[in-house]
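First comes the structure, then the notes that go with it.
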Amino acid sequence: MRYVALANGFGIENLTIRSGSKPTPKVDEVLVRMRAAALNFVDLATIKGRLDPKLTLPFVPVADGSGSIEEVGSAVHDFKPGDRVATLYIPSWASGRYKHEHIDLSNRPGAGSVAGQLAEYKIFRPNELIRIPESISLTEAATLPIAGLTAWNALAYGAIKAGNTVLLHGTGGVSIFALQFAKAQGAKVIITSGDDAKLERASRLGADEAINYRTHPDIGEEVSRLTDGRGVDLVVETIGGRNVARSMIAVRPEGSISIVGFLDGVEAPIDLISLNLRRLSVRGISVGSTDDFRDMLAAIAANRIKPVVDAEFDLEKTKDAFRYLEAGKHFGKVVITF
């Protein structure tokens, strides 16, 4: 089989294709023929050494993937050969509250001690996989574990309902999923981008208002105008850093901000007086549980939502896929197919 390894140092240029033996599952494991792997910015941070500069190399990157089960161990009863599955980013979080043991990044695939999904075949334990509905393809399914579930919970923790207004920053995977989920719930959506062509695509997907932050750099003022001075009920904050301050201005009193990204940096200056006077709720989002994933899949099937895949790259073009992601050219998700 072929797989991609980060070797000889960090950086996109150090991604190499290697060959190995097809693995054999133990009695409590399953063998998956991988078909697709979707890229997230956490993967880019990993291969650049930003997430864990002490990561042991060589290392197989990329957290999210999908495929079909080829073989199951004798003790596995939850899956059978032929089942179509997606991977789980926090497999230890089956249900209930997020706990201390779920925090460790090294236990997440493609981020630390657990190898990622850029391999033609991979061994999994049953709790690391989830069966996907027939309404979506394997390529689409690969986009769900981080971006899809993060967007789903960003809205859920904001208690979004019909008639509410949501502000989305950018047109990457999380924002586009949040757009689709919010519209399915009857909410209004304001979305931002520096690219008018991307804003037009977002409008065709259902966005009610679009803001080009290059021509309207004061996003808070523009949001105020579009909402008749009220502000939005929820901001899905995918940028982080200095952008959090802009989100605080855009949200209504007693509104919510779901923090999901750190493209502009991991530290954000916050005006605590404004936070208190406006009684804002700010919550960090770390993907979700397996039960959350099942709820999301049910909503996707019921609302006939199709994940937006902007670009597909062959395994041999893995470097090109990461460079495309890094350049911010994508609308929705970037996927590597096998």
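To be explicit about the labels: the chains of the structure tokens are called A, B, and onward in the order shown, and within each one the residues are counted from 1, while ligands get numbers from 1 in the order they are shown.
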Among segment 96-254 of chain A, which residues does DSSP mark as strand (DSSP E or B) when it is run on the backbone? Keep the chain and numbering as in the structure and answer as number ranges by chain.
A: 119, 121-124, 129-131, 165-169, 172, 188-193, 209-212, 232-237, 251-254
Would you pick out the contacts of Leu44 of chain A at 10 Å or less, using only C-alpha atoms, so that residues sharing its chain but fewer than 6 positions from it are not included, and give the list as a VMD selection string?
chain A and resid 11 to 12 50 to 51 61 to 62 322 to 323 325 to 326
Could you turn the residues from that selection into a file that holds N, CA and C atoms, as a PDB file, in the first residue's frame?
```
ATOM      1  N   GLY A  11       7.325  20.940   7.373  1.00  0.00           N
ATOM      2  CA  GLY A  11       7.107  21.719   6.166  1.00  0.00           C
ATOM      3  C   GLY A  11       6.467  20.901   5.052  1.00  0.00           C
ATOM      4  N   ILE A  12       5.689  21.572   4.219  1.00  0.00           N
ATOM      5  CA  ILE A  12       5.006  20.893   3.114  1.00  0.00           C
ATOM      6  C   ILE A  12       5.993  20.153   2.217  1.00  0.00           C
ATOM      7  N   ARG A  50       3.891  23.695  14.178  1.00  0.00           N
ATOM      8  CA  ARG A  50       3.300  24.670  15.080  1.00  0.00           C
ATOM      9  C   ARG A  50       2.508  24.009  16.201  1.00  0.00           C
ATOM     10  N   LEU A  51       1.890  22.868  15.904  1.00  0.00           N
ATOM     11  CA  LEU A  51       1.035  22.215  16.891  1.00  0.00           C
ATOM     12  C   LEU A  51       1.861  21.464  17.918  1.00  0.00           C
ATOM     13  N   PRO A  61       0.279  12.247   8.461  1.00  0.00           N
ATOM     14  CA  PRO A  61      -0.597  13.337   8.889  1.00  0.00           C
ATOM     15  C   PRO A  61      -2.042  13.207   8.406  1.00  0.00           C
ATOM     16  N   VAL A  62      -2.827  14.202   8.733  1.00  0.00           N
ATOM     17  CA  VAL A  62      -4.220  14.455   8.337  1.00  0.00           C
ATOM     18  C   VAL A  62      -5.200  13.683   9.227  1.00  0.00           C
ATOM     19  N   PHE A 322      -1.987  20.836   0.059  1.00  0.00           N
ATOM     20  CA  PHE A 322      -1.669  21.659   1.226  1.00  0.00           C
ATOM     21  C   PHE A 322      -1.348  23.095   0.817  1.00  0.00           C
ATOM     22  N   ARG A 323      -0.684  23.262  -0.308  1.00  0.00           N
ATOM     23  CA  ARG A 323      -0.372  24.616  -0.766  1.00  0.00           C
ATOM     24  C   ARG A 323      -1.644  25.366  -1.159  1.00  0.00           C
ATOM     25  N   LEU A 325      -4.593  24.863   0.204  1.00  0.00           N
ATOM     26  CA  LEU A 325      -5.212  25.216   1.483  1.00  0.00           C
ATOM     27  C   LEU A 325      -4.508  26.412   2.101  1.00  0.00           C
ATOM     28  N   GLU A 326      -3.193  26.377   2.113  1.00  0.00           N
ATOM     29  CA  GLU A 326      -2.399  27.439   2.726  1.00  0.00           C
ATOM     30  C   GLU A 326      -2.659  28.784   2.057  1.00  0.00           C
TER      31      GLU A 326
END
```
Do a neighbour search on segment 283-300 of chain A at 10 Å with only C-alpha atoms, toss out local chain neighbours closer than 3 positions, and write the hits as a compact mmCIF listing (two decimals) with C-alpha atoms, in the first residue's frame.
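Result written to result-v3.txt:
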```
# COMPACT_ATOMS: atom_id res chain seq x y z
CA LEU A 88 -13.64 10.32 14.62
CA TYR A 89 -11.33 13.08 15.84
CA ILE A 90 -11.94 12.50 19.57
CA PRO A 91 -12.86 8.80 19.68
CA SER A 92 -12.71 8.67 23.49
CA TRP A 93 -15.56 11.22 23.72
CA ALA A 94 -18.55 8.99 23.06
CA SER A 95 -21.21 11.08 24.78
CA GLY A 96 -21.90 13.44 27.65
CA ARG A 97 -19.74 16.29 28.86
CA TYR A 98 -16.29 17.18 27.61
CA HIS A 102 -10.46 14.55 26.07
CA ILE A 103 -8.08 17.54 25.92
CA ASN A 127 -14.82 3.41 18.61
CA GLU A 128 -12.67 5.37 16.12
CA LEU A 129 -15.23 5.08 13.31
CA ILE A 130 -18.82 6.04 12.55
CA ARG A 131 -21.11 4.66 9.85
CA ILE A 132 -22.24 7.26 7.30
CA PRO A 133 -25.59 7.56 5.47
CA SER A 135 -27.01 10.25 1.03
CA ILE A 136 -23.38 11.39 0.99
CA ALA A 141 -17.95 12.09 4.34
CA LEU A 144 -17.31 15.89 8.41
CA PRO A 145 -15.18 14.84 11.42
CA ILE A 146 -13.65 18.24 12.23
CA ALA A 147 -15.19 20.95 10.04
CA GLY A 148 -18.71 19.58 9.94
CA LEU A 149 -18.97 18.67 13.60
CA THR A 150 -17.29 21.87 14.74
CA ALA A 151 -19.82 23.95 12.80
CA TRP A 152 -22.67 21.82 14.13
CA ASN A 153 -21.69 22.37 17.75
CA ALA A 154 -20.80 26.03 17.24
CA ALA A 156 -25.77 24.15 19.01
CA TYR A 157 -23.93 25.88 21.87
CA GLY A 158 -25.26 29.20 20.60
CA GLN A 180 -25.75 25.12 5.52
CA PHE A 181 -26.74 24.05 9.04
CA ALA A 184 -31.59 24.33 7.59
CA GLN A 185 -32.59 25.58 11.06
CA VAL A 236 -18.88 31.61 14.60
CA GLU A 237 -15.34 32.91 15.12
CA SER A 256 -22.85 34.36 21.88
CA ILE A 257 -19.47 33.85 20.22
CA SER A 258 -18.28 30.34 19.40
CA ILE A 259 -14.48 30.33 19.10
CA VAL A 260 -13.36 27.65 16.67
CA GLY A 261 -10.27 28.95 14.82
CA LEU A 280 -21.67 38.10 26.15
CA ASN A 303 -32.21 18.12 5.14
CA ARG A 304 -30.39 16.60 2.17
CA ILE A 305 -27.29 18.65 2.92
CA LYS A 306 -24.35 18.04 0.62
CA PRO A 307 -20.91 18.96 1.98
```
With distances taken over only C-alpha atoms, which of A:Ser68, A:Ser21, A:Asn212, A:Ser281 is nearest to Leu138 of chain A?
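Smallest distance to Leu138 of chain A is found for A:Ser68.
Proximity of A:Val282, A:Ala36, A:Met248, A:Val308 to Ile176 of chain A, computed with only C-alpha atoms, is greatest for A:Val308.
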At most 8 Å is the cut-off: for each residue in segment 75-150 of chain A with any atom that close to an atom of segment 327-336 of chain A, write down the nearest atom pair and the distance in Å rounded to one decimal, counting only C-alpha atoms, chain first then increasing number, as CSV.
```
residue,atom,partner,partner_atom,distance
A:Thr139,CA,A:Val335,CA,7.2
A:Ala142,CA,A:Val335,CA,7.6
A:Thr143,CA,A:Lys333,CA,6.7
```
Convert the current residue selection to file output with N, CA, C and O atoms, as an mmCIF file, in the first residue's frame.
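Output file selection09.cif follows:
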```cif
data_model
loop_
_atom_site.group_PDB
_atom_site.id
_atom_site.type_symbol
_atom_site.label_atom_id
_atom_site.label_comp_id
_atom_site.auth_asym_id
_atom_site.auth_seq_id
_atom_site.Cartn_x
_atom_site.Cartn_y
_atom_site.Cartn_z
ATOM 1 N N THR A 139 -16.161 10.783 -0.425
ATOM 2 C CA THR A 139 -15.396 12.033 -0.501
ATOM 3 C C THR A 139 -16.024 13.094 0.392
ATOM 4 O O THR A 139 -15.335 13.795 1.137
ATOM 5 N N ALA A 142 -15.556 12.493 4.258
ATOM 6 C CA ALA A 142 -14.246 12.828 4.822
ATOM 7 C C ALA A 142 -14.204 14.245 5.374
ATOM 8 O O ALA A 142 -13.364 14.569 6.217
ATOM 9 N N THR A 143 -15.101 15.113 4.930
ATOM 10 C CA THR A 143 -15.093 16.509 5.368
ATOM 11 C C THR A 143 -15.768 16.721 6.718
ATOM 12 O O THR A 143 -15.688 17.818 7.281
#
```
Would you kindly return, as a list in words, each protein, DNA or RNA residue with an atom no farther than 12 Å from any atom of Gly229 of chain A, considering only C-alpha atoms and excluding same-chain residues fewer than 3 positions away?
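What passes the distance filter is Gly220, Glu221, Glu222, Val223, Ser224, Arg225, Leu226, Val232, Ile249, Ala250, Val251, Arg252 and Pro253 of chain A.
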What does the file look like for those residues with N, CA, C and O atoms, as a PDB file, in the first residue's frame?
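Listing of result_0.pdb after writing:
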```
ATOM      1  N   GLY A 220     -18.140  45.416  12.225  1.00  0.00           N
ATOM      2  CA  GLY A 220     -19.151  45.679  13.246  1.00  0.00           C
ATOM      3  C   GLY A 220     -20.154  46.723  12.803  1.00  0.00           C
ATOM      4  O   GLY A 220     -21.368  46.571  12.998  1.00  0.00           O
ATOM      5  N   GLU A 221     -19.660  47.788  12.178  1.00  0.00           N
ATOM      6  CA  GLU A 221     -20.545  48.849  11.691  1.00  0.00           C
ATOM      7  C   GLU A 221     -21.468  48.342  10.594  1.00  0.00           C
ATOM      8  O   GLU A 221     -22.668  48.660  10.559  1.00  0.00           O
ATOM      9  N   GLU A 222     -20.905  47.519   9.677  1.00  0.00           N
ATOM     10  CA  GLU A 222     -21.716  46.982   8.585  1.00  0.00           C
ATOM     11  C   GLU A 222     -22.762  46.003   9.102  1.00  0.00           C
ATOM     12  O   GLU A 222     -23.908  45.992   8.642  1.00  0.00           O
ATOM     13  N   VAL A 223     -22.393  45.173  10.082  1.00  0.00           N
ATOM     14  CA  VAL A 223     -23.355  44.241  10.684  1.00  0.00           C
ATOM     15  C   VAL A 223     -24.466  45.021  11.376  1.00  0.00           C
ATOM     16  O   VAL A 223     -25.652  44.667  11.287  1.00  0.00           O
ATOM     17  N   SER A 224     -24.108  46.090  12.058  1.00  0.00           N
ATOM     18  CA  SER A 224     -25.111  46.922  12.716  1.00  0.00           C
ATOM     19  C   SER A 224     -26.104  47.483  11.700  1.00  0.00           C
ATOM     20  O   SER A 224     -27.324  47.492  11.926  1.00  0.00           O
ATOM     21  N   ARG A 225     -25.591  47.915  10.558  1.00  0.00           N
ATOM     22  CA  ARG A 225     -26.472  48.453   9.514  1.00  0.00           C
ATOM     23  C   ARG A 225     -27.404  47.377   8.978  1.00  0.00           C
ATOM     24  O   ARG A 225     -28.606  47.617   8.785  1.00  0.00           O
ATOM     25  N   LEU A 226     -26.852  46.189   8.754  1.00  0.00           N
ATOM     26  CA  LEU A 226     -27.642  45.098   8.163  1.00  0.00           C
ATOM     27  C   LEU A 226     -28.675  44.537   9.130  1.00  0.00           C
ATOM     28  O   LEU A 226     -29.640  43.893   8.703  1.00  0.00           O
ATOM     29  N   VAL A 232     -25.935  40.547  15.742  1.00  0.00           N
ATOM     30  CA  VAL A 232     -26.269  39.141  15.473  1.00  0.00           C
ATOM     31  C   VAL A 232     -26.414  38.371  16.778  1.00  0.00           C
ATOM     32  O   VAL A 232     -25.910  38.769  17.825  1.00  0.00           O
ATOM     33  N   ILE A 249     -18.040  43.316  18.807  1.00  0.00           N
ATOM     34  CA  ILE A 249     -18.800  44.503  18.401  1.00  0.00           C
ATOM     35  C   ILE A 249     -20.026  44.104  17.586  1.00  0.00           C
ATOM     36  O   ILE A 249     -21.083  44.741  17.670  1.00  0.00           O
ATOM     37  N   ALA A 250     -19.907  43.030  16.812  1.00  0.00           N
ATOM     38  CA  ALA A 250     -20.984  42.628  15.901  1.00  0.00           C
ATOM     39  C   ALA A 250     -22.122  41.898  16.601  1.00  0.00           C
ATOM     40  O   ALA A 250     -23.247  41.870  16.089  1.00  0.00           O
ATOM     41  N   VAL A 251     -21.874  41.297  17.767  1.00  0.00           N
ATOM     42  CA  VAL A 251     -22.892  40.471  18.411  1.00  0.00           C
ATOM     43  C   VAL A 251     -23.788  41.334  19.302  1.00  0.00           C
ATOM     44  O   VAL A 251     -23.364  42.343  19.868  1.00  0.00           O
ATOM     45  N   ARG A 252     -25.027  40.941  19.425  1.00  0.00           N
ATOM     46  CA  ARG A 252     -25.994  41.692  20.239  1.00  0.00           C
ATOM     47  C   ARG A 252     -25.711  41.502  21.731  1.00  0.00           C
ATOM     48  O   ARG A 252     -25.018  40.555  22.121  1.00  0.00           O
ATOM     49  N   PRO A 253     -26.264  42.381  22.595  1.00  0.00           N
ATOM     50  CA  PRO A 253     -26.158  42.138  24.035  1.00  0.00           C
ATOM     51  C   PRO A 253     -26.751  40.779  24.394  1.00  0.00           C
ATOM     52  O   PRO A 253     -27.788  40.375  23.869  1.00  0.00           O
TER      53      PRO A 253
END
```
Give me, as JSON lines, each residue of segment 207-250 of chain A that comes within 8 Å of segment 264-272 of chain A, together with its shortest interatomic pair and the distance in Å at one decimal, counting only C-alpha atoms, with rows ordered by chain and rising residue number.
```
{"residue": "A:Ile239", "atom": "CA", "partner": "A:Asp264", "partner_atom": "CA", "distance": 5.6}
{"residue": "A:Gly240", "atom": "CA", "partner": "A:Asp264", "partner_atom": "CA", "distance": 5.4}
{"residue": "A:Gly241", "atom": "CA", "partner": "A:Ala268", "partner_atom": "CA", "distance": 4.3}
{"residue": "A:Arg242", "atom": "CA", "partner": "A:Ala268", "partner_atom": "CA", "distance": 5.6}
{"residue": "A:Asn243", "atom": "CA", "partner": "A:Asp264", "partner_atom": "CA", "distance": 7.4}
{"residue": "A:Val244", "atom": "CA", "partner": "A:Ala268", "partner_atom": "CA", "distance": 6.4}
{"residue": "A:Ala245", "atom": "CA", "partner": "A:Ile270", "partner_atom": "CA", "distance": 6.3}
```
Based on the selection just made, write N, CA, C and O atoms of those residues as a PDB file, in the first residue's frame.
```
ATOM      1  N   ILE A 239     -11.554  32.963  12.814  1.00  0.00           N
ATOM      2  CA  ILE A 239     -10.303  33.675  12.561  1.00  0.00           C
ATOM      3  C   ILE A 239      -9.432  33.757  13.810  1.00  0.00           C
ATOM      4  O   ILE A 239      -8.217  33.543  13.768  1.00  0.00           O
ATOM      5  N   GLY A 240     -10.033  34.081  14.942  1.00  0.00           N
ATOM      6  CA  GLY A 240      -9.276  34.203  16.185  1.00  0.00           C
ATOM      7  C   GLY A 240      -8.451  35.474  16.222  1.00  0.00           C
ATOM      8  O   GLY A 240      -8.657  36.401  15.436  1.00  0.00           O
ATOM      9  N   GLY A 241      -7.495  35.525  17.127  1.00  0.00           N
ATOM     10  CA  GLY A 241      -6.612  36.677  17.236  1.00  0.00           C
ATOM     11  C   GLY A 241      -7.364  37.979  17.390  1.00  0.00           C
ATOM     12  O   GLY A 241      -8.323  38.091  18.158  1.00  0.00           O
ATOM     13  N   ARG A 242      -6.953  38.990  16.626  1.00  0.00           N
ATOM     14  CA  ARG A 242      -7.548  40.316  16.721  1.00  0.00           C
ATOM     15  C   ARG A 242      -8.988  40.361  16.239  1.00  0.00           C
ATOM     16  O   ARG A 242      -9.738  41.295  16.554  1.00  0.00           O
ATOM     17  N   ASN A 243      -9.407  39.337  15.480  1.00  0.00           N
ATOM     18  CA  ASN A 243     -10.764  39.351  14.935  1.00  0.00           C
ATOM     19  C   ASN A 243     -11.822  39.150  16.011  1.00  0.00           C
ATOM     20  O   ASN A 243     -12.987  39.498  15.817  1.00  0.00           O
ATOM     21  N   VAL A 244     -11.441  38.591  17.157  1.00  0.00           N
ATOM     22  CA  VAL A 244     -12.401  38.385  18.244  1.00  0.00           C
ATOM     23  C   VAL A 244     -12.997  39.719  18.687  1.00  0.00           C
ATOM     24  O   VAL A 244     -14.195  39.811  18.997  1.00  0.00           O
ATOM     25  N   ALA A 245     -12.177  40.766  18.711  1.00  0.00           N
ATOM     26  CA  ALA A 245     -12.680  42.085  19.091  1.00  0.00           C
ATOM     27  C   ALA A 245     -13.753  42.564  18.112  1.00  0.00           C
ATOM     28  O   ALA A 245     -14.743  43.191  18.509  1.00  0.00           O
TER      29      ALA A 245
END
```
Contact residues around Pro23 of chain A with only C-alpha atoms at 8 Å, ignoring same-chain residues under 4 positions, as a count of residues only
4
Identify all residues of segment 85-302 of chain A in helix (DSSP H, G or I) (DSSP on the backbone) and supply them as a PyMOL selection string.
chain A and resi 100-102+105-107+126-128+138-141+144-157+173-184+196-204+219-226+243-250+272-278+290-302
Pick from A:Glu200, A:Asp195, A:Glu140, A:Asp233 nearest to Val309 of chain A, counting only C-alpha atoms:
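Nearest candidate to Val309 of chain A out of A:Glu200, A:Asp195, A:Glu140, A:Asp233: A:Glu140.
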